[in-house]
Amino acid sequence: MTRALFCISLFLYTAAFAQPLTTSRLSCEVENNEKTTILTAKVKGTEAAIKFRIDWTSGNHPPENFQNKHAKPDRLTSSHRLGQATLNRTILVSETADCILVHVQADQPGSVHFSARFETEHPVEIQDRRQIILQGKQIQARAWIIPFESDVSDDGKTITILGEGEALILLNLAPDTSKHPISNTLSRLGEIHDPGQIPPNPHLIWQGVKKTQDSETQDTRKE
C-alpha cells in the first residue's frame, strides 16, 4: 500500500470510529460519521450492552465536511456542515453526572436536525414526549432528547427534532434500576445545576456538567 493510500485509509477509519469513552462505571464505544452517531454502551463488569443511534438529517441539505476534532478518554468532539451552517457535536461520558451526554449546537438558528432511537429488539416506549425508555431483560436504559427552544415529534420508538439551534441528549443505563436508579437523571442534574426549576434549563445542565468535568480533568493532570 502506498503512503497516500495508507493515509486515506487511516483518515477514513479515524473519521468513523473513536476510542472507547469511559468512567469508573460506564463504557461507551462511539461510531461517528457525517450522517450517523451510534453509541454502544454498557456498565463495566457486565456483558449486556445498549445501542443508541442518532441520524443527522435534513430535508434540504445532506450533512457534509465531517471532522472528528478531538478524542479524549471522556469525550469526542466533531463537526459537520449543513448548507451554510456548521454544527458542533460533543459526546461526553461524565463521571460526576454519571451518564452519557450528547450536545449539538449550530452557528445558525434552526440548523439542528436529527432523530434518535434505541437499536433493539426489546420493548421501548416514549414517555413525557421527550424520553425513550428501553426495558431489556438484562439492561435498562433511558434517553432524554431535549431541544433548547423547539418541539419534538415521535413515532412511538424514535424522537425527531427538526429546526433547532441547540439540543442535549442524556443517556443512562443500569442492569438493575432498583440498585442504581436512572429515571431521575434529568431531575438530579437539574437540582445540581438549575435548582428549583421544573423543567430544568438544559443549557445550564450542559454548561455545569462540562465545567465540572473540565475542572476535575485539570485537577487530575496536576496530580
# chains A, B, ... in the order shown; residues from 1 in each chain; ligands from 1
$ select_by_dssp --residues "chain A" --states "strand (DSSP E)" --output "count of residues only"
101
$ residues_around --residues "Glu149 (chain A)" --least-positions-apart "4" --cutoff "9 Å" --atoms "only C-alpha atoms" --output "list in words"
Glu164, Gly165, Glu166 and Ala167 of chain A
$ closest_residue --among "A:Pro63, A:Gly110, A:Gly156, A:Pro175" --to "Arg25 (chain A)" --atoms "only C-alpha atoms"
A:Pro175
$ closest_residue --among "A:Ser24, A:Thr46, A:Thr36, A:Gln84" --to "Asn60 (chain A)" --atoms "only C-alpha atoms"
A:Gln84
$ residues_around --residues "Cys28 (chain A)" --least-positions-apart "6" --cutoff "6 Å" --atoms "only C-alpha atoms" --output "list in words"
Pro20, Leu21, Thr40 and Ala41 of chain A
$ write_last_selection --atoms "N, CA and C atoms" --output "compact mmCIF listing (two decimals), in the first residue's frame"
# COMPACT_ATOMS: atom_id res chain seq x y z
N PRO A 20 -12.86 4.03 22.98
CA PRO A 20 -13.96 3.97 23.95
C PRO A 20 -13.89 5.13 24.94
N LEU A 21 -15.04 5.67 25.28
CA LEU A 21 -15.14 6.71 26.29
C LEU A 21 -15.59 6.04 27.58
N THR A 40 -22.57 2.54 21.63
CA THR A 40 -22.75 1.20 22.18
C THR A 40 -22.20 1.24 23.60
N ALA A 41 -23.10 1.20 24.57
CA ALA A 41 -22.72 1.44 25.96
C ALA A 41 -23.08 0.25 26.84
$ atom_distance --atom1 "CA of Thr158 (chain A)" --atom2 "CA of Ile132 (chain A)"
7.8 Å
$ atom_distance --atom1 "CA of Ser215 (chain A)" --atom2 "CA of Thr90 (chain A)"
17.0 Å
$ closest_residue --among "A:Gln213, A:Asn68, A:Ser94, A:Ser150" --to "Arg130 (chain A)" --atoms "only C-alpha atoms"
A:Ser150
$ closest_residue --among "A:Gln207, A:Gln135, A:Asn201, A:Thr120" --to "Asp176 (chain A)" --atoms "only C-alpha atoms"
A:Gln135
$ residues_around --residues "region 138-146 of chain A" --least-positions-apart "5" --cutoff "8 Å" --atoms "only C-alpha atoms" --output "list in words"
Ala48, Ala49, Ile50, Ala116, Arg130, Gln131, Ile132, Ile133, Ile159, Ala167, Leu168, Ile169, Leu170, Leu171, Asn172, Leu173, Ala174, Pro175, Asp176, Thr177, Ile182, Ser183, Leu186 and Pro202 of chain A
$ write_last_selection --atoms "N, CA and C atoms" --output "PDB file, in the first residue's frame"
ATOM      1  N   ALA A  48     -24.185  -7.268  28.997  1.00  0.00           N
ATOM      2  CA  ALA A  48     -25.287  -6.681  28.231  1.00  0.00           C
ATOM      3  C   ALA A  48     -24.981  -5.233  27.858  1.00  0.00           C
ATOM      4  N   ALA A  49     -25.235  -4.870  26.590  1.00  0.00           N
ATOM      5  CA  ALA A  49     -24.974  -3.522  26.106  1.00  0.00           C
ATOM      6  C   ALA A  49     -26.213  -2.971  25.408  1.00  0.00           C
ATOM      7  N   ILE A  50     -26.306  -1.658  25.363  1.00  0.00           N
ATOM      8  CA  ILE A  50     -27.374  -0.993  24.609  1.00  0.00           C
ATOM      9  C   ILE A  50     -26.747  -0.252  23.431  1.00  0.00           C
ATOM     10  N   ALA A 116     -33.471  10.209  16.966  1.00  0.00           N
ATOM     11  CA  ALA A 116     -32.742   9.390  17.925  1.00  0.00           C
ATOM     12  C   ALA A 116     -33.606   8.221  18.369  1.00  0.00           C
ATOM     13  N   ARG A 130     -40.435  13.393  25.429  1.00  0.00           N
ATOM     14  CA  ARG A 130     -39.023  13.620  25.164  1.00  0.00           C
ATOM     15  C   ARG A 130     -38.114  12.573  25.797  1.00  0.00           C
ATOM     16  N   GLN A 131     -38.703  11.460  26.184  1.00  0.00           N
ATOM     17  CA  GLN A 131     -37.924  10.422  26.849  1.00  0.00           C
ATOM     18  C   GLN A 131     -38.213   9.070  26.204  1.00  0.00           C
ATOM     19  N   ILE A 132     -37.144   8.333  25.885  1.00  0.00           N
ATOM     20  CA  ILE A 132     -37.277   6.984  25.339  1.00  0.00           C
ATOM     21  C   ILE A 132     -36.799   6.006  26.409  1.00  0.00           C
ATOM     22  N   ILE A 133     -37.635   5.023  26.702  1.00  0.00           N
ATOM     23  CA  ILE A 133     -37.318   4.043  27.731  1.00  0.00           C
ATOM     24  C   ILE A 133     -37.148   2.675  27.089  1.00  0.00           C
ATOM     25  N   ILE A 159     -37.549   9.645  18.419  1.00  0.00           N
ATOM     26  CA  ILE A 159     -37.848  11.055  18.649  1.00  0.00           C
ATOM     27  C   ILE A 159     -37.054  11.878  17.639  1.00  0.00           C
ATOM     28  N   ALA A 167     -29.266  21.444  21.142  1.00  0.00           N
ATOM     29  CA  ALA A 167     -30.015  20.355  21.775  1.00  0.00           C
ATOM     30  C   ALA A 167     -29.073  19.522  22.634  1.00  0.00           C
ATOM     31  N   LEU A 168     -29.677  18.832  23.611  1.00  0.00           N
ATOM     32  CA  LEU A 168     -28.931  17.995  24.531  1.00  0.00           C
ATOM     33  C   LEU A 168     -29.611  16.638  24.643  1.00  0.00           C
ATOM     34  N   ILE A 169     -28.820  15.581  24.624  1.00  0.00           N
ATOM     35  CA  ILE A 169     -29.309  14.224  24.867  1.00  0.00           C
ATOM     36  C   ILE A 169     -28.636  13.701  26.132  1.00  0.00           C
ATOM     37  N   LEU A 170     -29.434  13.168  27.039  1.00  0.00           N
ATOM     38  CA  LEU A 170     -28.921  12.467  28.209  1.00  0.00           C
ATOM     39  C   LEU A 170     -29.223  10.986  28.049  1.00  0.00           C
ATOM     40  N   LEU A 171     -28.252  10.138  28.279  1.00  0.00           N
ATOM     41  CA  LEU A 171     -28.416   8.700  28.143  1.00  0.00           C
ATOM     42  C   LEU A 171     -27.867   8.026  29.398  1.00  0.00           C
ATOM     43  N   ASN A 172     -28.683   7.172  30.012  1.00  0.00           N
ATOM     44  CA  ASN A 172     -28.214   6.461  31.189  1.00  0.00           C
ATOM     45  C   ASN A 172     -28.713   5.026  31.161  1.00  0.00           C
ATOM     46  N   LEU A 173     -28.003   4.142  31.845  1.00  0.00           N
ATOM     47  CA  LEU A 173     -28.309   2.718  31.787  1.00  0.00           C
ATOM     48  C   LEU A 173     -27.844   2.025  33.053  1.00  0.00           C
ATOM     49  N   ALA A 174     -28.495   0.906  33.348  1.00  0.00           N
ATOM     50  CA  ALA A 174     -28.137   0.107  34.512  1.00  0.00           C
ATOM     51  C   ALA A 174     -28.756  -1.271  34.367  1.00  0.00           C
ATOM     52  N   PRO A 175     -28.079  -2.314  34.842  1.00  0.00           N
ATOM     53  CA  PRO A 175     -28.674  -3.647  34.788  1.00  0.00           C
ATOM     54  C   PRO A 175     -29.790  -3.819  35.815  1.00  0.00           C
ATOM     55  N   ASP A 176     -29.720  -3.088  36.925  1.00  0.00           N
ATOM     56  CA  ASP A 176     -30.717  -3.193  37.993  1.00  0.00           C
ATOM     57  C   ASP A 176     -31.031  -1.788  38.483  1.00  0.00           C
ATOM     58  N   THR A 177     -32.173  -1.250  38.060  1.00  0.00           N
ATOM     59  CA  THR A 177     -32.508   0.129  38.421  1.00  0.00           C
ATOM     60  C   THR A 177     -32.950   0.275  39.870  1.00  0.00           C
ATOM     61  N   ILE A 182     -31.989   5.234  37.368  1.00  0.00           N
ATOM     62  CA  ILE A 182     -31.609   6.084  36.244  1.00  0.00           C
ATOM     63  C   ILE A 182     -32.751   7.006  35.822  1.00  0.00           C
ATOM     64  N   SER A 183     -33.972   6.763  36.310  1.00  0.00           N
ATOM     65  CA  SER A 183     -35.120   7.562  35.871  1.00  0.00           C
ATOM     66  C   SER A 183     -35.061   8.994  36.378  1.00  0.00           C
ATOM     67  N   LEU A 186     -32.370  13.354  34.756  1.00  0.00           N
ATOM     68  CA  LEU A 186     -32.607  14.754  34.391  1.00  0.00           C
ATOM     69  C   LEU A 186     -32.904  15.590  35.625  1.00  0.00           C
ATOM     70  N   PRO A 202     -31.767  23.077  30.046  1.00  0.00           N
ATOM     71  CA  PRO A 202     -30.741  22.158  29.522  1.00  0.00           C
ATOM     72  C   PRO A 202     -29.403  22.844  29.270  1.00  0.00           C
TER      73      PRO A 202
END
$ closest_residue --among "A:Ile54, A:Ile91, A:Leu82, A:Leu189" --to "His203 (chain A)" --atoms "only C-alpha atoms"
A:Leu189
$ closest_residue --among "A:Thr96, A:Ile161, A:His122, A:Lys72" --to "Thr185 (chain A)" --atoms "only C-alpha atoms"
A:Thr96
